[in-house]
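Let me begin by presenting the structure, written as C-alpha cells, before commenting on it.
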Protein chains: 2
Amino acid sequence: MVSIKDVARRAGVSVGTVSNVINRPSYVSPDTRARVTAAIDELGFVRSESARQLRVGRSRTMALLVLDIANPFFVDVARGAERVARGAGLGVMLCNSGHDPNVEAEYLSLFAEQRVRGALITPADANGANVESFKRRQIPFVMVDRVGPSDDVCSVSIDDEVGGELAVRHLIRAGHTQIVYANGPSTLAQCRDRQTGAERAIAEAGLPPEALTVIEADQMTVASGRDAGSRLLGLASRPTAVFCVNDLVALGVLQAMFAAGVRVPDDVAIVGYDDIEFAAAAAVPLTSVRQPAFRMGQAATELLLEEAGDEAERHQHRRVVFQPELVVRASSPASLRR
Amino acid sequence: MVSIKDVARRAGVSVGTVSNVINRPSYVSPDTRARVTAAIDELGFVRSESARQLRVGRSRTMALLVLDIANPFFVDVARGAERVARGAGLGVMLCNSGHDPNVEAEYLSLFAEQRVRGALITPADANGANVESFKRRQIPFVMVDRVGPSDDVCSVSIDDEVGGELAVRHLIRAGHTQIVYANGPSTLAQCRDRQTGAERAIAEAGLPPEALTVIEADQMTVASGRDAGSRLLGLASRPTAVFCVNDLVALGVLQAMFAAGVRVPDDVAIVGYDDIEFAAAAAVPLTSVRQPAFRMGQAATELLLEEAGDEAERHQHRRVVFQPELVVRASSPASLRR
DNA sequence: GGAGGCTTGTGAATCGTTTCATGAACCGTT
DNA sequence: AACGGTTCATGAAACGATTCACAAGCCTCC
C-alpha cells in the first residue's frame, strides 16, 4: 500500500509538504504542488483515513441506527439524513437493529470504537439501557422518532397524538360512528399515543367511548394487518371504518377486505399512518397520516452536526416535534356514501 | 478520551499487557487480567478502531453500495449481506448511490480511504468507469445483480432471461395470446434480458412475435407503472395479460386497472418481478418472479470474505448465477376464465 | 546446582498521517 | 550591508493501538 512517504520520495519533497498539498494547497508553490500531484497520480496514492483520524482525533462518518430497514418510513429518514450528511462532507453508516436490543448494543459499541462523529438512534430497547450506557461514551447523538427521556438529549419526533386525532376526526366528519383502531403492540409509545389521539377525537365529537373498538396486532407488518382485518370482520357489530397504526397494517387490512369481498371504501373506509410510497400505490389509494420522515432525518442530522460541531459547548439540547398531516385518498372519502 | 496507556497506568501494568488482556486473554495470568479489566471498566475505556486499524493494516467493515435503497429488493440484498457480515465480525456500511454515477464515485473513493475490507457494488454507471478505477485500488469487491464485464471480477446475479421466460410461459399456459411486456429503460441489461426471455417463451410456444407488445416505462417505479397502465389501456387491441419488469411497475399497472374499472385478474392478468413484500400485500396478491435477493446478498458477501480472507491468493473469481422462481398468486390464475 | 523449559510481563518499534516550530531563501528598504 | 518581512519547505513529535524479541522468575529433571 503506497503511503505519503512514497509520494514524498517520488516527488523529491518532505512528507509535510505532501500533506500540505492535500490539505492546504495554497501553502505550497505551484510547481512543487504540480510535482506532488503528479506523483500522487502516478503511484495511485489514497490517503489512509484511519491514520488521519488517529492524528486528528475525529472521524468523518456518522451512524444511523434504525429499527427496521424494511420499513419505508425509516428509509425516508435515512435519505433525509444522508442528504444533510453528504452536504457536510460526512459519510453515513446505516445500520439496522431489527428491534433487537442485542444487535443494538453491538452496533452502539461498534460506533464507539469507530469514534463516529455522532449517531442518530431509533432505540430498540424499551427501558433505554443501551442508550443510557452509550451516553457515557461522550459521543453526540440524537434520538429519532422518540422523545428523549430527559432533557440532556436531543430528539426529533412526531406528535403521534395529533396524528391519531387527525385520522379519527376525519372519519367522524365523514359520518362514521363505529370505528376500529387496529393498533400495534401497546408497549410502543407510538401506538399508545396514536390511540390516545383517537380517543380524544371520539370524545371531542361527543361520541361514546364504545364508538372506538381497539384490536391489537402483535407486529406492525402486512401479515399482522391481514390477520387483524379478518378478526375485525368477525366483530359483532361490523365497523364502517378502520384506522390503522401504520400503512403496512392498513395494506394488510385492505387485502383482507378484498379477499372477503368487502368493498373499500364503500363498505369499510381505511386510514393508514406513515404515508409510505406504497400507500398511494395501493389498488385503492390509501388515506394516510403523513409523517415528514425525510425532513425528520434532515432535522435530526442538523441537530447532530450542531452538537458535534465547533460551537458544541453552547449547544442546547432540544426536542423537535414535527406535526403530522392527513393525506386524504380514495380509501376514505370525505363523506359517507352508502 | 481515555487510551490504553491510562488503563495501563491505572492497573499498574504495561500497555502491552493491556493489549494482551483485550486480544489474547489466555496470555495473561488471571489476577492481572482481573486488575486490567477492572481498570477498563472504571475508566470506561473503549479501544480506538482507527489506531487498531492503522497498526493491523485492515479494517473490520465492509461496504455495500446499492442503486436504490427505496427498492425493497435491495433492502433484502442488504439484509442478506449484513447477516453474513455480522457472523464474520464485520460491520456493514450501507450506502445508496441513487443511480447517480457521481455519488457512486464519491462513495467508492470514500471506501478506498477507509480501506474497507471489501465492497459489494451494484454499479450505477453504464460504462463501468467507476468500477474500473476502483479495481485499481486493490480492494476486493463483488458485483451484485450484474455479471462482471470480464472474468477478473466476482459477481452474483440472477438469470433474467429465465425469469422473463418463466413469466410469459406461465401466461401462455393460462391461455393468453395477447400479452404486453411493460419494460423499464432498455439501457439496463436486466430489462433487455427479461425481454429476451419473454420473446423466447413466445417463440417456443409457436406464437407470432406480434403476440408480445412491448411498452417502455422511463423509470421502474409505481408512478411510471401507473402511466404505463393507462397507456396500455389505450392500445388498439386490448391485451389480456401484462408482464411487468418489476413489482413497482406492476403495482402501478394494477392501480391503473382499478381506476379504470378493469378487473384483475378477470379482465387482465398481471405478473410482476422481484416478489417484494408488497407484491403479496397488494389488494390482489401479485404473481411475481421471485429473485432470491436475501440469498444473493449472502452469497455475495461469502465470495467477498473469501476474496478478502487469508487464502485470498488461491481465490478464483467466480460468477454465481441464481435461478429465479415463479410465485403464482391471485393476479394471474393458472387458467384463463372469461 | 546448573541446564532447559514454561509462564508472565515488559518496552520499544511500528503503522500513516497532521501539525508546528524552525529555518532557508529571497525580496525590497534603509 | 544589514534588516525585517514573506514565502516555502523541512523534520520531528505526536495520535493509540499491536506485536515481538527479550527477560525475570519459577519449576523440573538429571
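Labeling convention for the C-alpha cells: chains A, B, ... as they appear, residues from 1 per chain, ligands from 1 in order of appearance.
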Using only C-alpha atoms (C1' of nucleotides), what does the table of chain D residues within 9 Å of chain B look like, with each row giving the shortest atom pair and its distance in Å to one decimal, sorted by chain and ascending number, as a Markdown table?
| residue | atom | partner | partner_atom | distance |
| --- | --- | --- | --- | --- |
| D:DC15 | C1' | B:Ala51 | CA | 8.0 |
| D:DG16 | C1' | B:Ala51 | CA | 5.1 |
| D:DA17 | C1' | B:Arg52 | CA | 4.8 |
| D:DT18 | C1' | B:Arg55 | CA | 6.3 |
| D:DT19 | C1' | B:Gly16 | CA | 8.7 |
Any chance you can output those residues with N, CA and C atoms (P, O5', C5', C4', C3', O3' and C1' of nucleotides) as an mmCIF file, in the first residue's frame?
data_model
loop_
_atom_site.group_PDB
_atom_site.id
_atom_site.type_symbol
_atom_site.label_atom_id
_atom_site.label_comp_id
_atom_site.auth_asym_id
_atom_site.auth_seq_id
_atom_site.Cartn_x
_atom_site.Cartn_y
_atom_site.Cartn_z
ATOM 1 P P DC D 15 -0.100 12.440 22.262
ATOM 2 O "O5'" DC D 15 -1.266 11.768 21.422
ATOM 3 C "C5'" DC D 15 -2.070 12.522 20.522
ATOM 4 C "C4'" DC D 15 -2.690 11.584 19.522
ATOM 5 C "C3'" DC D 15 -2.951 10.192 20.080
ATOM 6 O "O3'" DC D 15 -4.285 10.128 20.546
ATOM 7 C "C1'" DC D 15 -2.046 10.138 17.844
ATOM 8 P P DG D 16 -4.550 9.471 21.983
ATOM 9 O "O5'" DG D 16 -4.655 7.918 21.657
ATOM 10 C "C5'" DG D 16 -5.599 7.478 20.703
ATOM 11 C "C4'" DG D 16 -5.313 6.031 20.377
ATOM 12 C "C3'" DG D 16 -5.127 5.134 21.597
ATOM 13 O "O3'" DG D 16 -5.849 3.949 21.362
ATOM 14 C "C1'" DG D 16 -3.314 4.885 20.164
ATOM 15 P P DA D 17 -6.119 2.950 22.582
ATOM 16 O "O5'" DA D 17 -5.393 1.612 22.081
ATOM 17 C "C5'" DA D 17 -6.066 0.738 21.238
ATOM 18 C "C4'" DA D 17 -5.173 0.299 20.091
ATOM 19 C "C3'" DA D 17 -4.488 -1.043 20.288
ATOM 20 O "O3'" DA D 17 -5.325 -2.030 19.692
ATOM 21 C "C1'" DA D 17 -3.048 0.594 19.291
ATOM 22 P P DT D 18 -5.028 -3.548 20.075
ATOM 23 O "O5'" DT D 18 -3.722 -3.862 19.228
ATOM 24 C "C5'" DT D 18 -3.833 -3.995 17.827
ATOM 25 C "C4'" DT D 18 -2.504 -4.422 17.271
ATOM 26 C "C3'" DT D 18 -2.054 -5.822 17.699
ATOM 27 O "O3'" DT D 18 -1.560 -6.450 16.526
ATOM 28 C "C1'" DT D 18 -0.381 -4.236 18.200
ATOM 29 P P DT D 19 -1.405 -8.037 16.441
ATOM 30 O "O5'" DT D 19 0.177 -8.209 16.467
ATOM 31 C "C5'" DT D 19 0.963 -7.325 15.694
ATOM 32 C "C4'" DT D 19 2.416 -7.464 16.061
ATOM 33 C "C3'" DT D 19 2.818 -8.836 16.607
ATOM 34 O "O3'" DT D 19 4.077 -9.144 16.039
ATOM 35 C "C1'" DT D 19 3.481 -7.183 18.108
#
#### Entry: Test item, strand (DSSP E) assignment across region 120-326 of chain A, answer as a ChimeraX atom specification
/A:120-121,141-144,154-158,179-183,212-216,241-244,269-274,287-290,319-322,325-326
Residue selection dump (C-alpha atoms) as a CSV table (one decimal), in the first residue's frame:
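Wrote it out as selection-v6.csv, contents follow:
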chain,number,residue,atom,x,y,z
A,120,LEU,CA,-28.8,9.0,15.1
A,121,ILE,CA,-30.7,6.4,17.0
A,141,PHE,CA,-26.3,11.6,19.5
A,142,VAL,CA,-29.9,12.4,18.6
A,143,MET,CA,-32.9,10.2,19.3
A,144,VAL,CA,-35.1,9.8,16.3
A,154,CYS,CA,-31.7,15.9,21.6
A,155,SER,CA,-34.6,14.3,20.0
A,156,VAL,CA,-36.7,14.6,16.9
A,157,SER,CA,-40.1,13.1,16.8
A,158,ILE,CA,-43.6,13.5,15.5
A,179,ILE,CA,-64.6,2.8,14.2
A,180,VAL,CA,-62.0,0.2,14.8
A,181,TYR,CA,-58.4,1.2,15.7
A,182,ALA,CA,-56.0,-1.5,14.6
A,183,ASN,CA,-53.2,-0.9,16.9
A,212,LEU,CA,-64.0,3.1,19.1
A,213,THR,CA,-63.0,-0.6,19.2
A,214,VAL,CA,-59.3,-1.3,19.6
A,215,ILE,CA,-57.8,-4.5,18.3
A,216,GLU,CA,-54.1,-5.2,18.7
A,241,ALA,CA,-64.2,2.5,9.3
A,242,VAL,CA,-60.7,1.3,10.3
A,243,PHE,CA,-57.8,3.4,11.4
A,244,CYS,CA,-54.6,1.5,11.3
A,269,ALA,CA,-63.2,3.0,5.0
A,270,ILE,CA,-59.5,2.7,5.8
A,271,VAL,CA,-56.9,5.2,7.1
A,272,GLY,CA,-53.3,4.3,7.4
A,273,TYR,CA,-50.3,6.0,9.0
A,274,ASP,CA,-46.9,7.0,7.6
A,287,THR,CA,-55.7,7.8,3.1
A,288,SER,CA,-52.8,8.2,5.5
A,289,VAL,CA,-51.3,10.3,8.1
A,290,ARG,CA,-48.1,11.7,6.6
A,319,ARG,CA,-36.7,18.3,21.4
A,320,VAL,CA,-38.0,19.0,18.0
A,321,VAL,CA,-41.6,17.8,17.4
A,322,PHE,CA,-43.0,17.7,13.9
A,325,GLU,CA,-50.6,15.8,8.2
A,326,LEU,CA,-53.6,13.9,6.8
### Message
Distance cut-off 8 Å, counting only C-alpha atoms - which residues of chain B neighbour chain A? Return them as number ranges by chain.
### Response
B: 44, 46-51, 53-54, 69-70, 72, 75-76, 91-95, 110, 112-115, 137, 222-223, 251-252, 254-255, 258, 278, 281-284
Resulting file, chosen residues, N, CA and C atoms, as a CSV table (one decimal), in the first residue's frame:
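Dumped everything to selection-v1.csv:
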chain,number,residue,atom,x,y,z
B,44,GLY,N,-13.9,3.4,31.8
B,44,GLY,CA,-14.8,3.4,30.6
B,44,GLY,C,-14.0,3.4,29.3
B,46,VAL,N,-12.6,2.5,25.8
B,46,VAL,CA,-13.1,1.9,24.5
B,46,VAL,C,-12.0,2.0,23.5
B,47,ARG,N,-11.6,0.9,23.0
B,47,ARG,CA,-10.4,0.9,22.1
B,47,ARG,C,-10.7,1.7,20.8
B,48,SER,N,-9.7,2.4,20.4
B,48,SER,CA,-9.8,3.2,19.2
B,48,SER,C,-9.6,2.3,17.9
B,49,GLU,N,-10.7,2.2,17.2
B,49,GLU,CA,-10.6,1.3,16.0
B,49,GLU,C,-9.6,1.9,15.0
B,50,SER,N,-9.5,3.2,14.9
B,50,SER,CA,-8.6,3.8,13.9
B,50,SER,C,-7.2,3.4,14.2
B,51,ALA,N,-6.8,3.5,15.5
B,51,ALA,CA,-5.4,3.1,15.8
B,51,ALA,C,-5.2,1.7,15.6
B,53,GLN,N,-6.7,-0.2,13.4
B,53,GLN,CA,-6.7,-0.4,12.0
B,53,GLN,C,-5.4,0.0,11.4
B,54,LEU,N,-4.9,1.2,11.9
B,54,LEU,CA,-3.6,1.7,11.3
B,54,LEU,C,-2.5,0.7,11.5
B,69,ILE,N,-32.0,2.5,-2.4
B,69,ILE,CA,-32.4,1.9,-1.1
B,69,ILE,C,-33.9,1.9,-0.9
B,70,ALA,N,-34.6,2.7,-1.7
B,70,ALA,CA,-36.1,2.6,-1.6
B,70,ALA,C,-36.7,1.4,-2.2
B,72,PRO,N,-37.3,-2.3,-2.3
B,72,PRO,CA,-37.2,-3.4,-1.3
B,72,PRO,C,-36.3,-4.6,-1.7
B,75,VAL,N,-33.1,-3.8,-0.3
B,75,VAL,CA,-33.1,-4.0,1.1
B,75,VAL,C,-32.9,-5.4,1.5
B,76,ASP,N,-33.5,-6.3,0.7
B,76,ASP,CA,-33.3,-7.7,1.0
B,76,ASP,C,-31.9,-8.2,0.8
B,91,GLY,N,-18.7,-5.1,10.4
B,91,GLY,CA,-19.8,-4.1,10.2
B,91,GLY,C,-20.0,-3.8,8.8
B,92,VAL,N,-21.2,-3.4,8.5
B,92,VAL,CA,-21.6,-3.1,7.1
B,92,VAL,C,-21.9,-1.6,7.0
B,93,MET,N,-21.3,-1.0,6.0
B,93,MET,CA,-21.6,0.4,5.7
B,93,MET,C,-22.5,0.4,4.5
B,94,LEU,N,-23.8,0.7,4.7
B,94,LEU,CA,-24.8,0.6,3.6
B,94,LEU,C,-24.9,2.0,3.0
B,95,CYS,N,-24.7,2.1,1.7
B,95,CYS,CA,-24.8,3.4,1.0
B,95,CYS,C,-25.6,3.3,-0.2
B,110,LEU,N,-14.5,7.1,-1.0
B,110,LEU,CA,-14.6,7.1,0.5
B,110,LEU,C,-14.2,5.7,1.0
B,112,ALA,N,-12.2,3.6,-0.4
B,112,ALA,CA,-10.8,3.4,-0.6
B,112,ALA,C,-10.1,4.1,0.6
B,113,GLU,N,-10.5,5.3,0.9
B,113,GLU,CA,-9.8,6.0,2.0
B,113,GLU,C,-10.0,5.2,3.3
B,114,GLN,N,-11.2,4.6,3.5
B,114,GLN,CA,-11.4,3.9,4.7
B,114,GLN,C,-10.7,2.5,4.7
B,115,ARG,N,-10.2,2.1,3.6
B,115,ARG,CA,-9.6,0.8,3.5
B,115,ARG,C,-10.6,-0.3,3.9
B,137,ARG,N,-7.6,0.0,-7.0
B,137,ARG,CA,-7.3,0.3,-5.6
B,137,ARG,C,-7.0,-1.0,-4.8
B,222,VAL,N,-43.5,3.0,-9.2
B,222,VAL,CA,-45.0,2.8,-9.2
B,222,VAL,C,-45.6,3.9,-10.1
B,223,ALA,N,-45.1,5.1,-10.0
B,223,ALA,CA,-45.7,6.2,-10.8
B,223,ALA,C,-45.6,5.8,-12.3
B,251,LEU,N,-47.4,-2.9,-9.6
B,251,LEU,CA,-48.4,-2.2,-8.7
B,251,LEU,C,-49.0,-1.0,-9.3
B,252,GLY,N,-48.2,-0.3,-10.0
B,252,GLY,CA,-48.7,0.9,-10.8
B,252,GLY,C,-49.8,0.5,-11.8
B,254,LEU,N,-51.5,-2.3,-11.8
B,254,LEU,CA,-52.7,-2.7,-11.0
B,254,LEU,C,-53.6,-1.6,-10.6
B,255,GLN,N,-53.0,-0.5,-10.2
B,255,GLN,CA,-53.7,0.6,-9.7
B,255,GLN,C,-54.4,1.3,-10.9
B,258,PHE,N,-57.5,-0.7,-11.7
B,258,PHE,CA,-58.6,-0.4,-10.7
B,258,PHE,C,-59.3,0.9,-11.0
B,278,PHE,N,-44.4,-6.3,-0.8
B,278,PHE,CA,-45.7,-5.6,-1.2
B,278,PHE,C,-46.4,-6.3,-2.3
B,281,ALA,N,-48.8,-8.3,-0.7
B,281,ALA,CA,-49.6,-7.5,0.1
B,281,ALA,C,-50.6,-6.7,-0.7
B,282,ALA,N,-50.5,-6.7,-2.0
B,282,ALA,CA,-51.4,-6.0,-2.9
B,282,ALA,C,-52.8,-6.4,-2.7
B,283,ALA,N,-53.7,-5.6,-3.0
B,283,ALA,CA,-55.1,-5.9,-2.9
B,283,ALA,C,-55.4,-7.2,-3.6
B,284,VAL,N,-55.0,-7.3,-4.8
B,284,VAL,CA,-55.0,-8.6,-5.5
B,284,VAL,C,-53.5,-9.1,-5.4
### Neighbours of chain A in chain C at 10 Å, counting only C-alpha atoms (C1' of nucleotides), as JSON, numbers by chain
{"C": [15, 16, 17, 18, 19]}
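The shell of residues at most 12 Å from DT7 (chain C), with only C-alpha atoms (C1' of nucleotides) counted and near chain neighbours (fewer than 3 positions) removed, consists of Ser26, Tyr27, Val28 and Ser29 of chain B; DA24, DG25, DC26 and DC27 of chain D.
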Mind dumping the selected residues with C-alpha atoms (C1' of nucleotides) as a PDB file, in the first residue's frame?
ATOM      1  CA  SER B  26      -5.020 -16.516  27.849  1.00  0.00           C
ATOM      2  CA  TYR B  27      -1.534 -14.983  27.725  1.00  0.00           C
ATOM      3  CA  VAL B  28      -2.227 -13.153  30.963  1.00  0.00           C
ATOM      4  CA  SER B  29      -2.493 -14.552  34.472  1.00  0.00           C
TER       5      SER B  29
ATOM      6  C1'  DA D  24      12.655 -12.338  35.001  1.00  0.00           C
ATOM      7  C1'  DG D  25      11.038 -15.771  37.859  1.00  0.00           C
ATOM      8  C1'  DC D  26       9.973 -20.343  38.851  1.00  0.00           C
ATOM      9  C1'  DC D  27       9.803 -25.489  38.167  1.00  0.00           C
TER      10       DC D  27
END
### Task
Please measure the separation of CA of Ser332 (chain B) and CA of Arg173 (chain B), giving the value in Å to one decimal.
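Interatomic distance, CA of Ser332 (chain B) to CA of Arg173 (chain B): 11.0 Å.
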Based on the backbone DSSP call, show me all residues of region 93-290 of chain A assigned alpha helix (DSSP H), as a short mmCIF file (atom, residue, chain, number, x, y, z; two decimals) with C-alpha atoms, in the first residue's frame.
data_model
loop_
_atom_site.label_atom_id
_atom_site.label_comp_id
_atom_site.auth_asym_id
_atom_site.auth_seq_id
_atom_site.Cartn_x
_atom_site.Cartn_y
_atom_site.Cartn_z
CA PRO A 101 -31.66 -4.85 21.77
CA ASN A 102 -28.65 -7.14 21.49
CA VAL A 103 -27.95 -6.13 17.95
CA GLU A 104 -28.45 -2.56 19.01
CA ALA A 105 -25.90 -2.90 21.78
CA GLU A 106 -23.44 -4.47 19.38
CA TYR A 107 -23.78 -1.62 16.93
CA LEU A 108 -23.52 1.02 19.59
CA SER A 109 -20.22 -0.31 20.78
CA LEU A 110 -19.05 -0.54 17.18
CA PHE A 111 -19.89 3.15 16.83
CA ALA A 112 -17.94 3.92 19.97
CA GLU A 113 -14.89 2.05 18.73
CA GLN A 114 -15.10 3.83 15.41
CA ALA A 129 -30.37 0.86 28.94
CA ASN A 130 -28.36 0.70 25.75
CA VAL A 131 -28.82 4.35 25.00
CA GLU A 132 -28.06 5.21 28.59
CA SER A 133 -24.71 3.45 28.50
CA PHE A 134 -23.96 4.93 25.10
CA LYS A 135 -24.46 8.37 26.54
CA ASP A 160 -48.45 10.92 17.45
CA GLU A 161 -51.43 12.04 19.45
CA VAL A 162 -52.20 14.68 16.89
CA GLY A 163 -51.83 12.06 14.17
CA GLY A 164 -54.38 9.76 15.76
CA GLU A 165 -56.69 12.65 16.32
CA LEU A 166 -56.48 13.83 12.72
CA ALA A 167 -57.29 10.40 11.38
CA VAL A 168 -60.27 9.69 13.56
CA ARG A 169 -61.66 13.19 13.34
CA HIS A 170 -61.60 12.82 9.59
CA LEU A 171 -63.56 9.57 9.81
CA ILE A 172 -66.09 11.07 12.19
CA ARG A 173 -66.65 14.04 9.91
CA ALA A 189 -45.12 4.68 22.91
CA GLN A 190 -46.15 5.46 19.35
CA CYS A 191 -49.01 3.00 19.45
CA ARG A 192 -50.27 4.29 22.75
CA ASP A 193 -50.07 7.90 21.66
CA ARG A 194 -51.97 7.34 18.46
CA GLN A 195 -54.67 5.60 20.46
CA THR A 196 -54.85 8.49 22.90
CA GLY A 197 -55.31 10.85 19.97
CA ALA A 198 -58.01 8.65 18.50
CA GLU A 199 -59.88 8.59 21.80
CA ARG A 200 -59.60 12.32 22.09
CA ALA A 201 -61.22 12.76 18.69
CA ILE A 202 -64.07 10.48 19.76
CA ALA A 203 -64.64 12.39 22.99
CA GLU A 204 -64.34 15.72 21.24
CA VAL A 222 -48.69 -6.53 6.42
CA ALA A 223 -49.20 -10.09 7.63
CA SER A 224 -50.38 -8.91 11.04
CA GLY A 225 -52.65 -6.44 9.31
CA ARG A 226 -54.21 -9.20 7.25
CA ASP A 227 -54.82 -11.08 10.43
CA ALA A 228 -56.30 -8.05 12.17
CA GLY A 229 -58.50 -7.50 9.12
CA SER A 230 -60.07 -10.90 9.30
CA ARG A 231 -60.56 -10.63 13.04
CA LEU A 232 -62.27 -7.33 12.50
CA LEU A 233 -64.70 -8.86 10.04
CA ASP A 247 -49.60 1.68 6.44
CA LEU A 248 -48.27 -1.86 6.47
CA VAL A 249 -51.08 -2.90 8.75
CA ALA A 250 -53.52 -0.90 6.62
CA LEU A 251 -52.38 -2.70 3.49
CA GLY A 252 -52.98 -5.99 5.25
CA VAL A 253 -56.45 -4.91 6.28
CA LEU A 254 -57.18 -3.76 2.76
CA GLN A 255 -56.16 -7.13 1.45
CA ALA A 256 -58.36 -8.95 3.94
CA MET A 257 -61.30 -6.81 2.85
CA PHE A 258 -60.71 -7.69 -0.78
CA ALA A 259 -60.41 -11.34 0.00
CA GLU A 277 -44.88 5.25 -1.14
CA PHE A 278 -46.96 2.10 -1.27
CA ALA A 279 -49.90 3.81 0.40
CA ALA A 280 -50.53 5.87 -2.70
CA ALA A 281 -49.72 2.83 -4.80
#
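We find CA of Glu306 (chain B) and CA of Pro292 (chain B) to be spaced 20.8 Å apart.
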